[in-house]
$ cat run-v2.txt   # compact mmCIF, C-alpha atoms
# COMPACT_ATOMS: atom_id res chain seq x y z
CA MET K 1 70.91 83.46 18.29
CA HIS K 2 70.25 83.38 14.59
CA HIS K 3 73.19 84.60 12.51
CA VAL K 4 72.64 88.32 12.16
CA PHE K 5 75.97 88.91 10.40
CA ASP K 6 77.83 86.66 7.96
CA SER K 7 81.30 88.12 8.53
CA ALA K 8 83.24 90.95 10.13
CA ALA K 9 83.06 92.77 6.80
CA ASP K 10 79.28 92.45 6.95
CA VAL K 11 79.38 94.14 10.39
CA THR K 12 81.53 96.97 9.02
CA ASN K 13 79.15 97.55 6.12
CA ALA K 14 75.99 97.38 8.25
CA LEU K 15 77.33 99.77 10.88
CA GLY K 16 78.71 102.04 8.17
CA ARG K 17 75.21 102.49 6.76
CA THR K 18 74.19 103.98 10.13
CA GLY K 19 77.16 106.36 10.12
CA TYR K 20 79.26 104.34 12.59
CA LEU K 21 82.73 103.54 11.26
CA ALA K 22 84.16 100.46 12.95
CA ASP K 23 87.73 99.34 12.42
CA GLU K 24 88.52 95.70 11.63
CA ALA K 25 89.20 94.69 15.24
CA LEU K 26 85.93 96.10 16.57
CA ALA K 27 83.96 94.65 13.67
CA THR K 28 85.49 91.23 14.35
CA VAL K 29 84.65 91.34 18.06
CA THR K 30 81.09 92.36 17.24
CA PHE K 31 80.74 89.57 14.68
CA LEU K 32 82.03 86.98 17.17
CA ALA K 33 79.73 88.26 19.92
CA THR K 34 76.66 87.74 17.75
CA ARG K 35 77.82 84.26 16.68
CA LEU K 36 78.92 83.05 20.13
CA ASN K 37 76.13 84.66 22.18
CA ARG K 38 78.70 86.54 24.24
CA PRO K 39 78.39 90.08 25.61
CA ILE K 40 80.83 92.72 24.37
CA LEU K 41 82.75 94.67 27.00
CA LEU K 42 84.00 97.97 25.61
CA GLU K 43 86.48 100.04 27.58
CA GLY K 44 88.07 103.33 26.60
CA GLU K 45 88.12 107.05 27.20
CA PRO K 46 84.75 108.87 27.26
CA GLY K 47 83.57 109.96 23.84
CA THR K 48 85.26 107.23 21.82
CA GLY K 49 82.05 105.62 20.55
CA LYS K 50 81.34 102.85 23.06
CA THR K 51 77.69 103.71 23.65
CA ALA K 52 77.28 104.65 20.00
CA LEU K 53 78.16 101.09 18.96
CA ALA K 54 75.11 99.69 20.76
CA GLU K 55 72.92 102.37 19.19
CA ALA K 56 74.33 101.64 15.74
CA LEU K 57 73.87 97.87 16.19
CA ALA K 58 70.22 98.32 17.11
CA GLN K 59 69.67 100.61 14.13
CA ALA K 60 71.51 98.33 11.71
CA LEU K 61 69.60 95.23 12.81
CA HIS K 62 66.25 97.00 13.26
CA LEU K 63 66.11 95.87 16.88
CA ARG K 64 64.92 97.69 19.98
CA LEU K 65 67.69 99.28 22.06
CA ILE K 66 67.15 98.81 25.81
CA ARG K 67 69.49 100.86 27.98
CA LEU K 68 70.51 100.33 31.58
CA GLN K 69 72.45 103.35 32.87
CA CYS K 70 74.60 102.30 35.81
CA TYR K 71 75.36 104.56 38.76
CA GLU K 72 76.77 104.32 42.25
CA GLY K 73 74.38 102.37 44.46
CA ILE K 74 72.36 100.74 41.67
CA ASP K 75 70.97 97.35 42.67
CA ALA K 76 69.11 94.45 41.09
CA THR K 77 65.74 96.12 41.66
CA GLN K 78 66.60 99.00 39.34
CA ALA K 79 67.90 96.57 36.72
CA LEU K 80 65.38 93.78 36.97
CA TYR K 81 61.89 94.56 38.23
CA ASP K 82 59.82 96.19 40.93
CA TRP K 83 56.20 96.11 42.02
CA ASP K 84 53.82 98.99 41.40
CA PHE K 85 52.94 99.57 45.06
CA PRO K 86 50.48 102.49 44.53
CA ARG K 87 48.44 100.37 42.10
CA GLN K 88 48.59 97.40 44.47
CA ILE K 89 47.27 99.51 47.34
CA LEU K 90 44.52 100.91 45.14
CA HIS K 91 43.56 97.38 44.09
CA LEU K 92 43.55 96.24 47.71
CA ARG K 93 41.26 99.08 48.79
CA THR K 94 38.93 98.43 45.87
CA VAL K 95 38.66 94.74 46.74
CA GLU K 96 38.07 95.59 50.41
CA ALA K 97 35.31 98.02 49.50
CA ILE K 98 33.57 95.52 47.24
CA SER K 99 33.87 92.54 49.59
CA ARG K 100 33.34 94.33 52.92
CA ASP K 101 30.35 92.18 53.75
CA GLU K 102 31.81 89.00 52.29
CA HIS K 103 34.50 86.60 53.40
CA ALA K 104 37.39 87.31 50.98
CA ASP K 105 40.06 84.66 50.59
CA PRO K 106 43.34 86.21 51.90
CA LYS K 107 45.55 83.92 49.80
CA ALA K 108 43.65 84.68 46.63
CA LEU K 109 43.87 88.40 47.38
CA GLU K 110 47.62 88.17 47.95
CA ALA K 111 48.05 86.33 44.66
CA GLU K 112 46.16 89.08 42.90
CA LEU K 113 48.50 91.72 44.33
CA PHE K 114 51.49 90.06 42.69
CA ASP K 115 49.84 89.60 39.36
CA GLU K 116 51.65 90.40 36.11
CA ARG K 117 49.70 93.64 35.70
CA PHE K 118 51.45 95.12 38.76
CA LEU K 119 54.95 94.19 37.61
CA LEU K 120 57.26 97.03 36.57
CA ALA K 121 59.82 95.50 34.22
CA ARG K 122 63.24 97.17 34.33
CA PRO K 123 65.83 97.02 31.47
CA VAL K 124 67.34 93.58 32.14
CA LEU K 125 63.96 91.86 32.47
CA GLN K 126 62.68 93.76 29.43
CA ALA K 127 65.63 92.53 27.39
CA LEU K 128 65.11 88.89 28.41
CA ARG K 129 61.44 89.11 27.53
CA GLU K 130 61.76 91.08 24.29
CA ALA K 131 64.90 89.52 22.77
CA PRO K 132 66.10 89.63 20.10
CA CYS K 133 67.08 93.15 21.08
CA VAL K 134 70.21 95.10 22.00
CA LEU K 135 70.81 95.57 25.73
CA LEU K 136 73.21 98.41 26.54
CA ILE K 137 74.65 98.29 30.07
CA ASP K 138 76.29 101.69 30.18
CA GLU K 139 79.17 102.63 32.50
CA ILE K 140 79.24 99.36 34.43
CA ASP K 141 82.34 100.64 36.26
CA ARG K 142 80.10 103.00 38.24
CA ALA K 143 78.25 100.10 39.87
CA ASP K 144 79.55 98.04 42.81
CA ASP K 145 80.79 94.45 43.19
CA GLU K 146 77.38 93.06 44.19
CA PHE K 147 75.75 94.44 41.07
CA GLU K 148 78.52 92.97 38.93
CA ALA K 149 77.85 89.56 40.49
CA PHE K 150 74.14 89.88 39.74
CA LEU K 151 74.85 90.80 36.12
CA LEU K 152 77.29 87.93 35.73
CA GLU K 153 74.60 85.44 36.76
CA VAL K 154 72.09 86.88 34.30
CA LEU K 155 74.60 87.00 31.44
CA SER K 156 75.61 83.40 32.12
CA THR K 157 72.13 81.89 32.19
CA TRP K 158 70.03 84.42 30.25
CA GLN K 159 67.30 84.00 32.83
CA VAL K 160 66.04 85.46 36.11
CA THR K 161 63.61 84.20 38.72
CA ILE K 162 60.78 86.32 40.05
CA PRO K 163 59.62 84.55 43.24
CA GLU K 164 55.98 85.52 42.79
CA LEU K 165 55.79 84.67 39.07
CA GLY K 166 58.50 82.13 38.27
CA THR K 167 61.50 82.04 35.94
CA VAL K 168 61.82 84.28 32.89
CA SER K 169 64.20 82.98 30.21
CA ALA K 170 65.25 84.56 26.94
CA ALA K 171 64.30 82.33 24.03
CA THR K 172 66.90 84.22 22.03
CA PRO K 173 69.73 85.87 24.00
CA PRO K 174 69.87 89.64 23.54
CA ILE K 175 72.94 91.28 22.05
CA VAL K 176 74.60 92.80 25.12
CA VAL K 177 77.06 95.70 25.05
CA LEU K 178 78.68 96.72 28.33
CA THR K 179 80.70 99.94 28.47
CA SER K 180 83.27 101.10 30.99
CA ASN K 181 85.32 104.28 31.31
CA ARG K 182 87.67 102.32 33.59
CA THR K 183 87.14 104.45 36.67
CA ARG K 184 87.72 101.15 38.48
CA GLU K 185 88.81 97.67 37.47
CA LEU K 186 86.05 95.18 36.75
CA HIS K 187 86.22 91.68 38.16
CA ASP K 188 87.87 88.94 36.13
CA ALA K 189 84.73 86.77 36.27
CA LEU K 190 82.71 89.38 34.39
CA LYS K 191 85.52 90.01 31.91
CA ARG K 192 85.84 86.28 31.20
CA ARG K 193 82.15 86.12 30.32
CA CYS K 194 82.58 88.87 27.73
CA LEU K 195 84.50 89.50 24.55
CA TYR K 196 86.75 92.46 25.35
CA HIS K 197 87.74 95.42 23.22
CA TRP K 198 89.52 98.66 24.03
CA ILE K 199 88.35 101.61 21.92
CA ASP K 200 91.08 104.21 21.53
CA HIS K 201 90.89 107.67 20.04
CA PRO K 202 91.08 107.34 16.24
CA GLY K 203 93.92 108.65 14.14
CA LEU K 204 93.52 111.79 12.06
CA ALA K 205 92.41 110.08 8.86
CA ARG K 206 89.78 107.91 10.54
CA GLU K 207 88.44 110.74 12.68
CA LEU K 208 88.16 112.94 9.61
CA GLU K 209 86.27 110.14 7.87
CA ILE K 210 83.91 109.91 10.85
CA VAL K 211 83.20 113.65 10.75
CA ARG K 212 82.66 113.66 6.98
CA THR K 213 80.31 110.64 7.27
CA ARG K 214 78.29 111.90 10.23
CA LEU K 215 78.26 115.59 9.26
CA PRO K 216 78.26 115.84 5.45
CA GLU K 217 76.97 119.42 5.73
CA VAL K 218 80.29 120.55 7.23
CA SER K 219 82.75 121.67 4.55
CA ALA K 220 85.78 119.49 3.92
CA ALA K 221 88.17 122.31 4.81
CA LEU K 222 86.46 123.09 8.12
CA ALA K 223 86.21 119.40 9.04
CA GLU K 224 89.93 118.95 8.46
CA GLN K 225 90.79 122.01 10.55
CA VAL K 226 88.63 120.84 13.46
CA VAL K 227 89.98 117.29 13.43
CA THR K 228 93.58 118.48 13.13
CA LEU K 229 93.16 120.82 16.11
CA VAL K 230 91.44 118.14 18.22
CA GLN K 231 94.28 115.73 17.46
CA ARG K 232 96.77 118.38 18.65
CA LEU K 233 94.76 118.97 21.82
CA ARG K 234 94.80 115.25 22.64
CA GLY K 235 98.48 114.98 21.87
CA SER K 236 99.43 117.90 24.10
CA GLY K 237 99.11 115.85 27.27
CA GLU K 238 98.09 119.02 29.13
CA LEU K 239 94.32 118.58 29.37
CA ILE K 240 92.33 117.25 32.30
CA LYS K 241 89.79 115.77 29.85
CA PRO K 242 90.90 115.56 26.21
CA PRO K 243 88.02 115.78 23.74
CA GLY K 244 86.65 112.51 22.37
CA VAL K 245 85.12 111.86 18.98
CA ALA K 246 81.76 112.92 20.38
CA GLU K 247 83.22 116.33 21.21
CA THR K 248 84.84 116.59 17.77
CA LEU K 249 81.42 116.07 16.20
CA ASP K 250 79.82 118.55 18.59
CA TRP K 251 82.44 121.17 17.80
CA ALA K 252 82.16 120.74 14.04
CA ARG K 253 78.36 120.90 14.32
CA ALA K 254 78.58 124.07 16.44
CA LEU K 255 80.93 125.75 13.99
CA GLU K 256 78.68 124.91 11.08
CA THR K 257 75.67 126.22 13.04
CA VAL K 258 77.27 129.64 13.67
CA GLY K 259 78.14 129.88 9.98
CA ALA K 260 81.90 129.44 10.28
CA THR K 261 83.69 128.49 7.07
CA ARG K 262 87.14 128.23 8.62
CA LEU K 263 88.57 127.80 12.10
CA ASP K 264 90.23 131.01 13.29
CA PRO K 265 91.19 131.92 16.89
CA GLU K 266 88.11 134.08 17.44
CA VAL K 267 85.47 131.55 16.37
CA ALA K 268 87.43 128.71 17.98
CA ALA K 269 87.46 130.53 21.32
CA ALA K 270 83.74 131.33 21.08
CA THR K 271 82.76 127.70 20.48
CA LEU K 272 85.38 125.97 22.64
CA GLY K 273 82.72 124.85 25.11
CA ALA K 274 81.58 122.24 22.59
CA ALA K 275 84.94 120.47 22.88
CA LEU K 276 86.34 121.19 26.35
CA LYS K 277 84.40 120.67 29.57
CA TYR K 278 86.80 121.95 32.25
CA ARG K 279 87.47 125.63 32.94
CA GLU K 280 91.19 124.96 33.38
CA ASP K 281 91.36 123.25 29.97
CA SER K 282 89.47 126.07 28.26
CA GLU K 283 91.68 128.77 29.76
CA ARG K 284 94.87 126.91 28.85
CA ILE K 285 93.82 126.36 25.24
CA ARG K 286 92.38 129.85 24.72
CA ALA K 287 95.76 131.27 25.62
CA SER K 288 97.48 129.20 22.94
CA LEU K 289 94.91 129.04 20.11
CA ASP K 290 97.02 131.20 17.76
CA LYS K 291 99.95 128.84 18.12
CA LEU K 292 97.82 125.68 17.84
CA LEU K 293 96.04 126.85 14.70
CA THR K 294 99.25 127.78 12.91
CA ALA K 295 101.36 124.83 13.98
$ encode --input "run-v2.txt" --output "structure tokens"
Amino acid sequence: MHHVFDSAADVTNALGRTGYLADEALATVTFLATRLNRPILLEGEPGTGKTALAEALAQALHLRLIRLQCYEGIDATQALYDWDFPRQILHLRTVEAISRDEHADPKALEAELFDERFLLARPVLQALREAPCVLLIDEIDRADDEFEAFLLEVLSTWQVTIPELGTVSAATPPIVVLTSNRTRELHDALKRRCLYHWIDHPGLARELEIVRTRLPEVSAALAEQVVTLVQRLRGSGELIKPPGVAETLDWARALETVGATRLDPEVAAATLGAALKYREDSERIRASLDKLLTA
């Protein structure tokens, strides 16, 4: 891959222009990944900016973002390619109608059915063909062992073989970002192929900087109140799902939308659904909002 960044500081500056604030460790991993042609494996709690890094990279480098959303039961077909069977059948019927009174060559007809025009390229094949690009493999921990093994082969060789068409290789490897919420442990072989980074929840000062950067329309006082409260919610250790940075941004945006200028118990309770996604969490926090806001 050509050198897209000259240093970790260059990464920080480029991502910062998109509104994504990367700390030194994440910027360094990203810089190394682009220099060494290695995928980045990001693990961390939901809402900490793993997916957003891939989006920011694509925006900063003016590259296409290709996303593969993983789920339980996903296989290579959903990631790689499939054949457009309805169009193949239509083509077959058309050829049969035209050549009903002629002797059509069966082998030639079969070759036509597996022509490029009937190929449905899925995200991994698209990335190999269209690189340079950013390939986001989101929530890889939701997939199974077999899918991991398939991905490992692709990420090691940057090529795939389509039996009917041949081998497709990436002239320039895509920038690959894999994310995991660690619902299960990934295999060591996949981890060894990647550069690893754990994204934690940011501290108060950095989270406030993120909110001010991403949402400049939110007043400084309101932003500070929201971030301070979110930090307290995370630190309580009582929530099923503590809010991530994504929820902090959603909450600040919601408060600004309803015209709030400060965070009081009434408006906090009314907009709590932007930050908390479990009924038990909402009920627990609603009961203690007065205390949390005056702590």
$ atom_distance --input "run-v2.txt" --atom1 "CA of Ala14 in chain K" --atom2 "CA of Gly49 in chain K"
16.0 Å
$ closest_atom_pairs --input "run-v2.txt" --of "range 246-273 of chain K" --to "range 38-47 of chain K" --cutoff "12 Å" --atoms "all atoms listed in the file" --output "Markdown table"
| residue | atom | partner | partner_atom | distance |
| --- | --- | --- | --- | --- |
| K:Ala246 | CA | K:Gly47 | CA | 4.9 |
| K:Glu247 | CA | K:Gly47 | CA | 6.9 |
| K:Thr248 | CA | K:Gly47 | CA | 9.1 |
| K:Leu249 | CA | K:Gly47 | CA | 10.0 |
| K:Asp250 | CA | K:Gly47 | CA | 10.7 |
$ atom_distance --input "run-v2.txt" --atom1 "CA of Gln69 in chain K" --atom2 "CA of Leu135 in chain K"
10.7 Å
$ closest_residue --input "run-v2.txt" --among "K:Leu68, K:Gly273, K:Leu195, K:Arg182" --to "Phe31 in chain K" --atoms "only C-alpha atoms"
K:Leu195
$ residues_around --input "run-v2.txt" --residues "Tyr81 in chain K" --least-positions-apart "6" --cutoff "6 Å" --atoms "only C-alpha atoms" --output "PyMOL selection string"
chain K and resi 120-122
$ residues_near_point --input "run-v2.txt" --point "(91.4, 118.5, 11.6)" --cutoff "10 Å" --atoms "all atoms listed in the file" --output "JSON, numbers by chain"
{"K": [204, 205, 207, 208, 211, 220, 221, 222, 223, 224, 225, 226, 227, 228, 229, 230, 231, 232, 248, 252, 263]}
$ residues_around --input "run-v2.txt" --residues "Gly73 in chain K" --least-positions-apart "6" --cutoff "9 Å" --atoms "all atoms listed in the file" --output "PyMOL selection string"
chain K and resi 142-144+147
$ residues_around --input "run-v2.txt" --residues "Arg234 in chain K" --least-positions-apart "6" --cutoff "10 Å" --atoms "only C-alpha atoms" --output "ChimeraX atom specification"
/K:201,241-244
$ closest_residue --input "run-v2.txt" --among "K:Arg17, K:Arg192, K:Arg284, K:Arg64" --to "Arg129 in chain K" --atoms "only C-alpha atoms"
K:Arg64
$ closest_residue --input "run-v2.txt" --among "K:Glu238, K:Val218, K:Arg286, K:Thr48" --to "Thr261 in chain K" --atoms "all atoms listed in the file"
K:Val218
$ closest_residue --input "run-v2.txt" --among "K:Ala131, K:Val176, K:Leu155, K:Ala8" --to "Thr28 in chain K" --atoms "only C-alpha atoms"
K:Ala8
